[in-house]
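Here is structure08.cif, consisting of mmCIF, C-alpha atoms and all ligand atoms:
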data_run
loop_
_atom_site.label_atom_id
_atom_site.label_comp_id
_atom_site.auth_asym_id
_atom_site.auth_seq_id
_atom_site.Cartn_x
_atom_site.Cartn_y
_atom_site.Cartn_z
CA MET A 1 59.85 105.85 1.81
CA ALA A 2 58.41 103.84 4.69
CA THR A 3 58.42 106.00 7.78
CA ALA A 4 58.20 104.25 11.10
CA SER A 5 55.28 105.32 13.23
CA THR A 6 56.10 107.25 16.39
CA THR A 7 54.08 104.69 18.38
CA LYS A 8 55.90 101.37 18.53
CA SER A 9 54.17 98.00 18.29
CA ALA A 10 54.64 97.30 22.02
CA GLU A 11 52.71 100.41 23.07
CA VAL A 12 49.84 99.61 20.72
CA ILE A 13 49.70 96.05 22.02
CA ASP A 14 49.56 97.38 25.57
CA THR A 15 46.47 99.50 24.74
CA PHE A 16 44.82 96.44 23.18
CA LYS A 17 45.50 94.39 26.32
CA ARG A 18 43.48 96.87 28.36
CA TYR A 19 40.72 97.93 26.02
CA VAL A 20 40.13 95.47 23.15
CA ILE A 21 38.32 92.16 23.58
CA PRO A 22 40.90 89.43 22.90
CA ASN A 23 38.71 87.37 20.53
CA TYR A 24 41.43 87.20 17.87
CA VAL A 25 44.82 85.51 17.93
CA ARG A 26 47.14 88.32 16.81
CA TYR A 27 50.80 88.39 15.89
CA PRO A 28 52.70 90.89 18.06
CA VAL A 29 53.21 93.30 15.18
CA CYS A 30 51.41 96.59 14.50
CA LEU A 31 50.97 97.34 10.79
CA VAL A 32 50.87 100.97 9.76
CA ARG A 33 50.93 101.26 5.97
CA GLY A 34 50.40 99.20 2.84
CA GLU A 35 51.08 99.58 -0.85
CA GLY A 36 50.46 96.89 -3.44
CA SER A 37 51.68 93.57 -2.05
CA TYR A 38 53.80 95.14 0.68
CA VAL A 39 52.95 96.26 4.22
CA TRP A 40 55.09 98.04 6.81
CA ASP A 41 55.05 97.68 10.58
CA ALA A 42 55.50 100.38 13.21
CA GLU A 43 59.23 99.61 13.37
CA GLY A 44 59.62 100.23 9.62
CA ASN A 45 60.00 96.58 8.58
CA ARG A 46 58.60 95.73 5.14
CA TYR A 47 56.71 92.47 4.53
CA LEU A 48 55.73 90.78 1.28
CA ASP A 49 52.05 90.02 1.81
CA PHE A 50 50.70 86.74 0.40
CA PHE A 51 47.58 87.02 2.56
CA PRO A 52 46.64 90.68 2.18
CA GLY A 53 43.62 91.62 4.25
CA TRP A 54 42.62 87.97 4.83
CA GLY A 55 41.58 87.79 1.19
CA CYS A 56 39.95 91.24 1.11
CA ASN A 57 42.83 93.07 -0.56
CA LEU A 58 42.69 91.16 -3.83
CA LEU A 59 43.89 94.31 -5.62
CA GLY A 60 46.76 94.80 -3.15
CA HIS A 61 46.94 97.39 -0.39
CA CYS A 62 45.51 100.83 -1.18
CA PRO A 63 44.81 100.25 -4.90
CA GLU A 64 44.99 103.67 -6.52
CA PRO A 65 41.68 103.71 -8.46
CA VAL A 66 39.81 102.65 -5.31
CA VAL A 67 41.60 105.26 -3.18
CA LYS A 68 40.73 107.95 -5.74
CA ALA A 69 37.06 106.96 -6.01
CA VAL A 70 36.63 106.81 -2.23
CA ARG A 71 38.38 110.17 -1.75
CA GLU A 72 36.02 111.81 -4.22
CA GLN A 73 32.92 110.17 -2.81
CA VAL A 74 33.71 110.79 0.86
CA ALA A 75 33.87 114.52 0.12
CA THR A 76 30.59 114.46 -1.83
CA LEU A 77 28.07 112.18 -0.12
CA ILE A 78 29.07 109.66 2.58
CA HIS A 79 25.79 107.99 3.40
CA VAL A 80 22.10 108.20 2.64
CA PRO A 81 19.58 105.53 3.60
CA ASN A 82 18.04 103.11 1.16
CA THR A 83 14.84 105.20 1.13
CA TRP A 84 16.54 107.17 -1.67
CA TYR A 85 18.16 106.35 -4.98
CA THR A 86 21.86 106.91 -5.60
CA GLU A 87 23.55 106.52 -8.96
CA PRO A 88 26.58 104.51 -7.70
CA GLN A 89 24.46 101.71 -6.17
CA GLY A 90 22.53 101.13 -9.40
CA GLN A 91 25.67 101.27 -11.51
CA TRP A 92 27.44 98.84 -9.16
CA ALA A 93 24.57 96.34 -9.37
CA LYS A 94 24.58 96.59 -13.17
CA LEU A 95 28.32 95.86 -13.42
CA LEU A 96 28.04 92.83 -11.10
CA SER A 97 24.96 91.51 -12.90
CA GLU A 98 26.64 91.81 -16.32
CA ARG A 99 29.65 89.83 -15.10
CA SER A 100 27.64 87.05 -13.48
CA PHE A 101 24.25 85.57 -14.37
CA GLY A 102 22.16 88.64 -15.05
CA GLY A 103 20.37 88.81 -11.70
CA GLN A 104 19.62 91.61 -9.27
CA ALA A 105 21.66 92.72 -6.26
CA PHE A 106 20.98 93.29 -2.57
CA PHE A 107 23.85 95.08 -0.85
CA CYS A 108 25.12 94.63 2.71
CA ASN A 109 28.43 94.96 4.53
CA SER A 110 29.98 91.54 5.03
CA GLY A 111 29.99 87.93 3.97
CA ALA A 112 28.01 86.70 6.95
CA GLU A 113 25.35 89.31 6.23
CA ALA A 114 25.18 88.30 2.57
CA ASN A 115 24.69 84.67 3.60
CA GLU A 116 22.00 85.60 6.12
CA ALA A 117 20.18 87.34 3.27
CA ALA A 118 20.58 84.21 1.12
CA ILE A 119 19.18 81.99 3.89
CA LYS A 120 16.17 84.29 4.37
CA LEU A 121 15.59 84.57 0.62
CA ALA A 122 15.71 80.78 0.19
CA ARG A 123 13.09 80.34 2.92
CA LEU A 124 10.93 83.21 1.64
CA HIS A 125 11.00 82.11 -1.98
CA THR A 126 10.23 78.43 -1.57
CA PRO A 127 6.87 77.01 -0.32
CA LYS A 128 6.26 77.40 3.42
CA GLU A 129 7.05 73.79 4.34
CA ARG A 130 10.47 74.04 2.74
CA TYR A 131 13.04 75.48 5.13
CA LYS A 132 16.03 73.11 5.18
CA ILE A 133 19.31 74.07 3.57
CA ILE A 134 21.98 71.51 2.74
CA THR A 135 25.54 72.70 3.47
CA PHE A 136 28.90 70.94 3.50
CA GLU A 137 31.50 69.68 5.92
CA GLY A 138 34.54 71.94 5.94
CA SER A 139 32.44 74.91 4.81
CA PHE A 140 32.68 78.41 6.23
CA HIS A 141 29.80 80.85 5.88
CA GLY A 142 30.47 83.44 8.61
CA ARG A 143 30.01 84.18 12.31
CA THR A 144 26.45 85.40 12.78
CA LEU A 145 24.21 82.75 14.32
CA GLY A 146 22.51 81.74 11.06
CA ALA A 147 25.78 81.62 9.15
CA THR A 148 27.42 79.75 12.03
CA ALA A 149 24.67 77.12 11.90
CA ALA A 150 25.19 76.89 8.13
CA THR A 151 28.92 76.33 8.71
CA ALA A 152 29.25 72.55 9.05
CA GLN A 153 32.17 72.54 11.48
CA PRO A 154 31.47 71.47 15.09
CA LYS A 155 34.36 73.57 16.46
CA TYR A 156 32.48 76.76 15.53
CA HIS A 157 29.29 75.56 17.28
CA GLU A 158 30.76 74.78 20.69
CA GLY A 159 28.83 76.42 23.54
CA LEU A 160 26.42 78.28 21.24
CA GLY A 161 23.49 75.88 21.19
CA PRO A 162 20.70 75.56 20.49
CA LEU A 163 21.64 76.49 16.94
CA MET A 164 19.17 77.67 14.32
CA ALA A 165 17.33 74.61 13.00
CA GLY A 166 17.15 73.51 9.40
CA PHE A 167 20.72 72.94 8.25
CA VAL A 168 21.63 69.52 6.93
CA TYR A 169 25.33 68.68 6.55
CA CYS A 170 26.86 66.51 3.82
CA PRO A 171 30.48 65.66 2.97
CA PHE A 172 31.91 68.09 0.36
CA GLY A 173 32.00 66.32 -3.00
CA ASP A 174 29.52 63.57 -2.12
CA LEU A 175 26.53 63.80 -4.49
CA ASP A 176 25.00 60.55 -3.26
CA ALA A 177 24.89 61.89 0.29
CA VAL A 178 23.15 65.05 -0.94
CA ALA A 179 20.61 63.07 -2.96
CA LYS A 180 19.82 60.96 0.13
CA ARG A 181 19.31 63.95 2.41
CA ILE A 182 16.92 65.89 0.14
CA ASP A 183 13.31 65.66 1.32
CA SER A 184 10.01 67.54 0.96
CA GLU A 185 11.25 70.17 3.45
CA THR A 186 14.47 71.02 1.60
CA ALA A 187 14.62 74.57 0.22
CA ALA A 188 18.18 74.99 -1.00
CA ILE A 189 21.73 73.76 -1.32
CA MET A 190 24.41 76.23 -0.23
CA VAL A 191 28.04 75.63 -1.16
CA GLU A 192 31.35 77.39 -1.66
CA PRO A 193 32.38 76.39 -5.22
CA VAL A 194 35.94 76.26 -3.85
CA GLN A 195 36.13 75.87 -0.07
CA GLY A 196 38.40 78.57 1.36
CA GLU A 197 38.75 78.40 5.13
CA GLY A 198 38.22 74.63 4.87
CA GLY A 199 41.65 74.32 3.20
CA ILE A 200 41.32 75.47 -0.45
CA ASN A 201 39.32 72.41 -1.43
CA LEU A 202 38.53 72.26 -5.14
CA PRO A 203 35.24 70.63 -6.09
CA PRO A 204 35.66 67.10 -7.47
CA ASP A 205 34.85 66.74 -11.19
CA GLY A 206 31.15 66.98 -11.83
CA PHE A 207 30.25 67.92 -8.24
CA LEU A 208 28.87 71.41 -8.89
CA ALA A 209 27.08 70.27 -12.06
CA GLY A 210 25.64 67.37 -10.05
CA LEU A 211 24.34 69.80 -7.41
CA ARG A 212 22.74 71.89 -10.16
CA LYS A 213 21.01 68.79 -11.48
CA LEU A 214 19.77 67.73 -8.03
CA ALA A 215 18.53 71.27 -7.38
CA ASP A 216 16.64 71.35 -10.69
CA GLU A 217 15.12 67.90 -10.23
CA ASN A 218 13.91 68.72 -6.72
CA GLU A 219 12.99 72.40 -7.22
CA LEU A 220 15.66 73.63 -4.81
CA LEU A 221 17.64 76.84 -4.98
CA LEU A 222 21.36 76.54 -5.58
CA ILE A 223 23.32 79.11 -3.57
CA PHE A 224 27.02 79.70 -4.19
CA ASP A 225 28.94 81.39 -1.38
CA GLU A 226 31.64 83.17 -3.38
CA VAL A 227 32.68 85.45 -0.52
CA GLN A 228 36.25 84.14 -0.74
CA SER A 229 36.42 82.53 -4.20
CA GLY A 230 34.63 85.29 -6.11
CA PHE A 231 35.50 88.58 -7.71
CA GLY A 232 38.42 87.45 -9.85
CA ARG A 233 40.31 85.40 -7.28
CA THR A 234 40.28 82.25 -9.44
CA GLY A 235 41.05 83.97 -12.75
CA LYS A 236 37.37 84.21 -13.70
CA TRP A 237 35.02 86.82 -12.28
CA PHE A 238 33.40 84.12 -10.18
CA ALA A 239 34.75 80.67 -9.33
CA TYR A 240 31.63 78.92 -10.66
CA GLN A 241 32.54 80.16 -14.15
CA ASN A 242 35.47 77.71 -14.11
CA TYR A 243 32.97 74.86 -13.83
CA ASP A 244 30.27 75.76 -16.33
CA VAL A 245 27.52 75.80 -13.72
CA THR A 246 25.23 78.71 -12.79
CA PRO A 247 23.72 79.29 -9.33
CA ASP A 248 20.35 80.85 -8.54
CA ILE A 249 21.79 82.99 -5.75
CA MET A 250 25.39 84.08 -5.11
CA THR A 251 26.93 85.85 -2.14
CA LEU A 252 29.96 88.15 -2.27
CA ALA A 253 32.04 90.19 0.17
CA LYS A 254 35.75 90.22 1.14
CA ALA A 255 37.46 91.57 -2.04
CA LEU A 256 34.26 93.11 -3.44
CA CYS A 257 35.20 96.74 -2.74
CA GLY A 258 38.99 96.67 -3.10
CA GLY A 259 39.52 96.52 0.69
CA ILE A 260 36.57 98.69 1.79
CA ALA A 261 33.84 96.82 3.68
CA GLY A 262 31.00 95.66 1.44
CA GLY A 263 28.88 92.64 0.68
CA ALA A 264 26.31 91.64 -1.88
CA LEU A 265 23.80 88.99 -2.75
CA LEU A 266 22.92 88.42 -6.39
CA ALA A 267 19.80 86.51 -7.28
CA ARG A 268 17.93 85.61 -10.43
CA ALA A 269 15.30 88.34 -10.91
CA ASP A 270 12.30 86.04 -10.38
CA ILE A 271 13.77 84.83 -7.08
CA ALA A 272 14.95 88.28 -6.00
CA ALA A 273 11.32 89.48 -5.97
CA SER A 274 10.75 87.34 -2.86
CA LEU A 275 13.00 89.63 -0.78
CA ARG A 276 10.07 92.03 -0.53
CA PRO A 277 10.10 95.50 1.03
CA GLY A 278 9.97 95.22 4.80
CA MET A 279 11.34 91.66 4.90
CA HIS A 280 15.04 92.45 4.77
CA ALA A 281 17.40 95.42 4.93
CA ALA A 282 20.88 96.66 5.76
CA THR A 283 21.23 100.27 6.88
CA PHE A 284 24.68 100.78 5.39
CA GLY A 285 24.14 98.36 2.49
CA GLY A 286 25.12 99.73 -0.90
CA ASN A 287 26.26 103.04 0.60
CA PRO A 288 27.91 105.48 -1.81
CA ILE A 289 31.44 104.86 -0.49
CA ALA A 290 31.23 101.06 -0.85
CA ALA A 291 29.49 101.43 -4.22
CA ARG A 292 32.14 103.75 -5.64
CA ALA A 293 34.89 101.48 -4.28
CA GLY A 294 33.15 98.43 -5.77
CA ILE A 295 32.80 100.09 -9.18
CA ALA A 296 36.44 101.23 -9.11
CA ALA A 297 37.55 97.69 -8.21
CA ILE A 298 35.65 96.21 -11.19
CA GLU A 299 37.05 98.83 -13.56
CA MET A 300 40.59 98.24 -12.28
CA ILE A 301 40.30 94.49 -12.88
CA ASP A 302 39.09 95.19 -16.44
CA ASP A 303 41.50 98.02 -17.26
CA GLU A 304 44.59 96.25 -15.96
CA ARG A 305 43.55 92.82 -17.30
CA LEU A 306 43.92 91.34 -13.85
CA LEU A 307 41.91 88.18 -14.50
CA ALA A 308 44.63 87.13 -16.94
CA ASN A 309 47.29 88.13 -14.43
CA ALA A 310 45.67 85.98 -11.74
CA VAL A 311 45.91 83.00 -14.09
CA ALA A 312 49.53 83.77 -15.00
CA VAL A 313 50.66 84.30 -11.42
CA GLY A 314 48.68 81.24 -10.33
CA ALA A 315 50.65 79.20 -12.87
CA VAL A 316 53.91 80.39 -11.28
CA PHE A 317 52.70 79.32 -7.83
CA ARG A 318 51.58 75.97 -9.23
CA ARG A 319 54.95 75.30 -10.87
CA ARG A 320 56.98 76.39 -7.85
CA LEU A 321 54.84 74.61 -5.27
CA GLU A 322 54.53 71.38 -7.24
CA ALA A 323 58.32 71.36 -7.52
CA LEU A 324 58.48 71.81 -3.75
CA ARG A 325 55.99 68.97 -3.25
CA ASP A 326 58.13 66.67 -5.41
CA GLU A 327 61.26 67.58 -3.45
CA CYS A 328 59.92 67.74 0.05
CA HIS A 329 58.14 64.88 1.80
CA ILE A 330 56.15 67.06 4.23
CA VAL A 331 54.18 68.62 1.35
CA ARG A 332 51.24 66.28 0.79
CA ASP A 333 49.21 68.19 -1.77
CA VAL A 334 49.18 71.48 -3.65
CA ARG A 335 45.86 73.02 -4.73
CA VAL A 336 45.83 76.09 -6.95
CA LEU A 337 43.07 77.93 -8.81
CA GLY A 338 44.21 81.39 -9.90
CA VAL A 339 45.44 83.12 -6.76
CA MET A 340 43.59 80.81 -4.38
CA ILE A 341 46.34 78.52 -3.12
CA GLY A 342 46.52 75.72 -0.56
CA ILE A 343 49.55 73.67 0.45
CA GLU A 344 48.63 70.65 2.55
CA LEU A 345 51.36 69.54 4.92
CA ALA A 346 52.03 66.36 6.84
CA ILE A 347 52.92 68.52 9.87
CA GLU A 348 51.35 71.46 11.74
CA GLY A 349 51.87 74.68 9.79
CA ALA A 350 52.10 77.26 12.61
CA GLY A 351 55.90 77.07 12.86
CA ILE A 352 56.23 77.64 9.13
CA VAL A 353 53.94 80.69 9.26
CA GLN A 354 56.05 82.17 12.09
CA ALA A 355 59.34 81.42 10.29
CA CYS A 356 57.96 83.15 7.18
CA ILE A 357 56.98 86.21 9.24
CA ASP A 358 60.53 86.28 10.64
CA ARG A 359 61.70 86.44 7.00
CA LYS A 360 59.15 89.15 6.20
CA LEU A 361 56.68 87.03 4.25
CA LEU A 362 53.05 86.95 5.41
CA ILE A 363 51.06 83.75 4.85
CA ASN A 364 48.21 81.94 6.62
CA CYS A 365 47.59 78.44 7.90
CA THR A 366 44.08 76.98 8.09
CA HIS A 367 42.86 73.77 9.73
CA GLY A 368 46.25 73.28 11.35
CA THR A 369 48.02 71.77 8.37
CA VAL A 370 47.06 73.72 5.24
CA LEU A 371 49.17 76.74 4.33
CA ARG A 372 46.84 79.17 2.62
CA LEU A 373 47.94 81.92 0.24
CA LEU A 374 45.46 84.49 -1.06
CA PRO A 375 47.86 86.92 -2.76
CA ALA A 376 46.77 90.00 -4.68
CA MET A 377 45.74 89.37 -8.29
CA ASN A 378 48.08 92.15 -9.40
CA LEU A 379 51.09 90.46 -7.80
CA SER A 380 54.03 90.36 -10.24
CA VAL A 381 55.69 87.14 -11.38
CA GLU A 382 58.86 88.44 -9.73
CA GLN A 383 57.12 88.93 -6.37
CA ALA A 384 55.52 85.48 -6.67
CA ASN A 385 58.94 83.93 -7.20
CA LEU A 386 60.49 85.95 -4.39
CA GLY A 387 57.87 84.74 -1.92
CA CYS A 388 58.10 81.15 -3.21
CA ASP A 389 61.88 81.25 -2.61
CA ILE A 390 61.34 82.16 1.03
CA LEU A 391 58.47 79.73 1.51
CA SER A 392 60.37 76.82 -0.11
CA GLU A 393 63.40 77.47 2.08
CA VAL A 394 61.29 77.57 5.25
CA VAL A 395 59.29 74.45 4.38
CA LYS A 396 62.49 72.50 3.62
CA GLU A 397 63.98 73.57 6.96
CA HIS A 398 60.91 72.23 8.71
CA ALA A 399 61.14 68.91 6.86
CA GLN A 400 64.35 68.00 8.68
C1 LIG A 501 35.12 85.07 5.12
C2 LIG A 501 33.96 84.27 4.62
C3 LIG A 501 32.66 84.53 5.05
C4 LIG A 501 32.35 85.54 6.13
O1 LIG A 501 32.59 86.84 5.70
P1 LIG A 501 32.61 88.04 6.77
O2 LIG A 501 32.77 89.26 5.93
O3 LIG A 501 33.75 87.79 7.71
O4 LIG A 501 31.31 88.00 7.47
C5 LIG A 501 31.62 83.81 4.50
N1 LIG A 501 31.85 82.89 3.56
C6 LIG A 501 33.09 82.61 3.11
C7 LIG A 501 33.28 81.58 2.04
C8 LIG A 501 34.19 83.28 3.64
O5 LIG A 501 35.43 82.99 3.22
#

Encoding of this model in structure tokens:
Amino acid sequence: MATASTTKSAEVIDTFKRYVIPNYVRYPVCLVRGEGSYVWDAEGNRYLDFFPGWGCNLLGHCPEPVVKAVREQVATLIHVPNTWYTEPQGQWAKLLSERSFGGQAFFCNSGAEANEAAIKLARLHTPKERYKIITFEGSFHGRTLGATAATAQPKYHEGLGPLMAGFVYCPFGDLDAVAKRIDSETAAIMVEPVQGEGGINLPPDGFLAGLRKLADENELLLIFDEVQSGFGRTGKWFAYQNYDVTPDIMTLAKALCGGIAGGALLARADIAASLRPGMHAATFGGNPIAARAGIAAIEMIDDERLLANAVAVGAVFRRRLEALRDECHIVRDVRVLGVMIGIELAIEGAGIVQACIDRKLLINCTHGTVLRLLPAMNLSVEQANLGCDILSEVVKEHAQ
């Protein structure tokens, strides 16, 4: 079924060398087609994808209900500005609100944009003297200048200074540090309930509840960046729902539209009112294509009971990877919540990623030593086991 493209990977790479800014590290492979948890390259090789779309393809490649909704919409109305009403945008907001904390939505196109909106909203909503936002070491909030300043990792700041003022960094999990850094100028605390890029770091017991308490006591806004952890990835609609804590503001993107670009901010209605007309906007935000894709993605998760599948498949990964950890001394720690999976190694992971690619399994490595898997939530148990077979073999070979 997979037909090789007429243009081979080498030719495509040659065009990139001349015309595309080399700001990404790319593998020398050109991908041409995807279906479910498989992708094909220009040479016709098939790969099992445990990192589909860098976390964006949570429903697998080209999920049928999303493809159908987008096809219909693109032939009907592609884009109108936010000076008009469209039915899909309202419906999309309603579905997201009903599945989270009953707030209102602002739509944009990416995670960084959603976080920029959250930063502006936090400053707009709180009294004028309050502008500081507490964020956490190992966090990742995006690549725009505000989101980069929010990201408490020096390597992402190099050469960019002076950064936007007002971010205060604390160690992830350290409530005492947060309590100490709150002052009369603090507006908000912004945190990923589960850190993604930072290495799939689960919050220590009581951490998120402790942040909620500190926010309430000090009249701060609690912002959850669920760009990576949200939308069903952890087996709940949003990661915070695993921890019995509710934010005031939440940001979403990545998987939000089944692989189509889209982002959103949700905020409690009384807070949302502070994002007044004229103070913030996104030209393409909430466009009919993204909205229809977003609605289709939600319906697919409901119809196919994919939250339950994420939990079931996550349990397979946990069992297989904990067995690997017990057998293999280079596996230091295994962290799993639904289909958000980190494997911390005692060695650099790049060689393992390459060896997996050679065996047609796609995975990621973050922070040098953490293998990161963000498989589709409709992955089958069989596919999970197949990939774990390959991964276990490769890791054991690298332990010698
Ligand atoms: C990927 C990511 C972002 C940035 O999203 P973009 O769509 O690339 O701007 C922000 N926050 C978290 C937690 C992410 O994982």

All residues 10 Å or closer to Ala350 of chain A, all atoms listed in the file, same chain fewer than 6 positions away omitted, as a PyMOL selection string = chain A and resi 356+364-366+368-371

Could you list, as a ChimeraX atom specification, all the residues within 9 Å of ligand LIG 501 (chain A), counting all atoms listed in the file?
-> /A:54-56,109-115,139-144,147,151,191-198,225-229,251-254,261-263

For Leu362 of chain A, please output as a PyMOL selection string all residues within 6 Å (counting all atoms listed in the file; exclusion window: fewer than 5 positions along the same chain).
-> chain A and resi 49-50+357

Taken to one decimal, the atom CA of Gly36 of chain A-atom CA of Glu304 of chain A distance is 13.8 Å

Write out as a list in words which residues come within 12 Å of Thr7 of chain A when counting only C-alpha atoms, dropping same-chain ones fewer than 2 positions away.
->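 The filter keeps Thr3, Ala4, Ser5, Ser9, Ala10, Glu11, Val12, Ile13, Asp14, Thr15, Val29, Cys30, Leu31, Val32, Asp41, Ala42, Glu43 and Gly44 of chain A.
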
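Remark: for Gly60 of chain A, the closest of the candidate residues A:Ile119, A:Gly259, A:Leu345, A:Arg18 is A:Gly259 (distances computed over only C-alpha atoms).
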
Kindly give the distance, in Å, that separates atom CA of Gly90 of chain A and atom CA of Gln104 of chain A, rounded to a single decimal.
-> 10.0 Å

From the list A:Pro28, A:Lys17, A:Ala267, A:Lys360, which residue is nearest Asn45 of chain A when using only C-alpha atoms?
->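 Comparing A:Pro28, A:Lys17, A:Ala267, A:Lys360 against Asn45 of chain A, the winner is A:Lys360.
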
Long-range neighbours of segment 120-128 of chain A as a list in words, 7 Å cut-off, only C-alpha atoms, 6 positions minimum in chain |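 After dropping sequence-adjacent residues, the list is Ala187, Ala188, Leu221, Ile271, Ser274 and Leu275 of chain A.
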
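Among A:Pro63, A:Pro375, A:Gly146, A:Gly210, the residue with the shortest atom-to-atom distance to Met300 of chain A, counting all atoms listed in the file, is A:Pro63.
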
Mind giving me the straight-line distance from atom CA of Trp237 of chain A to atom CA of Phe224 of chain A in Å, one decimal?
-> 13.4 Å

Of the candidates A:Ala296, A:Met250, A:Val316, A:Val395, which one gets nearest to Glu64 of chain A if we count only C-alpha atoms?
->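 Using only C-alpha atoms, the shortest distance to Glu64 of chain A belongs to A:Ala296.
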
Residues within 9 Å of Arg212 of chain A, please, as a short mmCIF file (atom, residue, chain, number, x, y, z; two decimals) with C-alpha atoms, in the frame of the given file. Count only C-alpha atoms; anything in the same chain fewer than 3 positions from it doesn't count.
data_model
loop_
_atom_site.label_atom_id
_atom_site.label_comp_id
_atom_site.auth_asym_id
_atom_site.auth_seq_id
_atom_site.Cartn_x
_atom_site.Cartn_y
_atom_site.Cartn_z
CA PHE A 207 30.25 67.92 -8.24
CA LEU A 208 28.87 71.41 -8.89
CA ALA A 209 27.08 70.27 -12.06
CA ALA A 215 18.53 71.27 -7.38
CA ASP A 216 16.64 71.35 -10.69
CA GLU A 217 15.12 67.90 -10.23
CA LEU A 221 17.64 76.84 -4.98
CA LEU A 222 21.36 76.54 -5.58
CA VAL A 245 27.52 75.80 -13.72
CA THR A 246 25.23 78.71 -12.79
CA PRO A 247 23.72 79.29 -9.33
#

So, counting all atoms listed in the file, which residue among A:Leu96, A:Ala346, A:Val168, A:Val20 is closest to Cys257 of chain A?
->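 Among the listed residues, the smallest separation from Cys257 of chain A belongs to A:Leu96.
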
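Nearest residue to Leu306 of chain A among A:Ala239, A:Trp92, A:Ile347, A:Ala376 is A:Ala376, counting only C-alpha atoms.
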
Could you work out an axis-aligned bounding box for all listed atoms of segment 74-81 of chain A, with 6 Å added on each of the six sides, and give its centre and edge lengths in Å to one decimal, as lines of an AutoDock Vina configuration file?
center_x = 26.7
center_y = 110.0
center_z = 0.9
size_x = 26.3
size_y = 21.0
size_z = 17.4

Find the residues with any atom within 12 Å of (41.2, 104.1, 0.2); use only C-alpha atoms and the coordinates as given in the file, and write the answer as a ChimeraX atom specification.
-> /A:33-35,57,59-74,257-261,289-290,292-294,296-297

Output segment 306-310 of chain A with all heavy atoms present, as a short mmCIF file (atom, residue, chain, number, x, y, z; two decimals), in the frame of the given file.
data_model
loop_
_atom_site.label_atom_id
_atom_site.label_comp_id
_atom_site.auth_asym_id
_atom_site.auth_seq_id
_atom_site.Cartn_x
_atom_site.Cartn_y
_atom_site.Cartn_z
N LEU A 306 43.43 92.08 -15.02
CA LEU A 306 43.92 91.34 -13.85
C LEU A 306 43.43 89.90 -13.78
O LEU A 306 44.04 89.07 -13.11
CB LEU A 306 43.58 92.11 -12.56
CG LEU A 306 44.27 93.47 -12.44
CD1 LEU A 306 43.90 94.14 -11.12
CD2 LEU A 306 45.79 93.34 -12.57
N LEU A 307 42.33 89.59 -14.49
CA LEU A 307 41.91 88.18 -14.50
C LEU A 307 43.02 87.35 -15.15
O LEU A 307 43.40 86.29 -14.63
CB LEU A 307 40.59 88.00 -15.26
CG LEU A 307 39.34 88.64 -14.63
CD1 LEU A 307 38.13 88.46 -15.55
CD2 LEU A 307 39.05 88.06 -13.26
N ALA A 308 43.54 87.84 -16.25
CA ALA A 308 44.63 87.13 -16.94
C ALA A 308 45.87 87.06 -16.06
O ALA A 308 46.58 86.04 -16.02
CB ALA A 308 44.95 87.82 -18.27
N ASN A 309 46.12 88.15 -15.32
CA ASN A 309 47.29 88.13 -14.43
C ASN A 309 47.14 87.10 -13.30
O ASN A 309 48.11 86.44 -12.94
CB ASN A 309 47.57 89.52 -13.85
CG ASN A 309 48.96 89.64 -13.29
OD1 ASN A 309 49.95 89.55 -14.03
ND2 ASN A 309 49.07 89.76 -11.97
N ALA A 310 45.92 86.98 -12.80
CA ALA A 310 45.67 85.98 -11.74
C ALA A 310 45.99 84.58 -12.26
O ALA A 310 46.57 83.75 -11.54
CB ALA A 310 44.23 86.06 -11.24
#
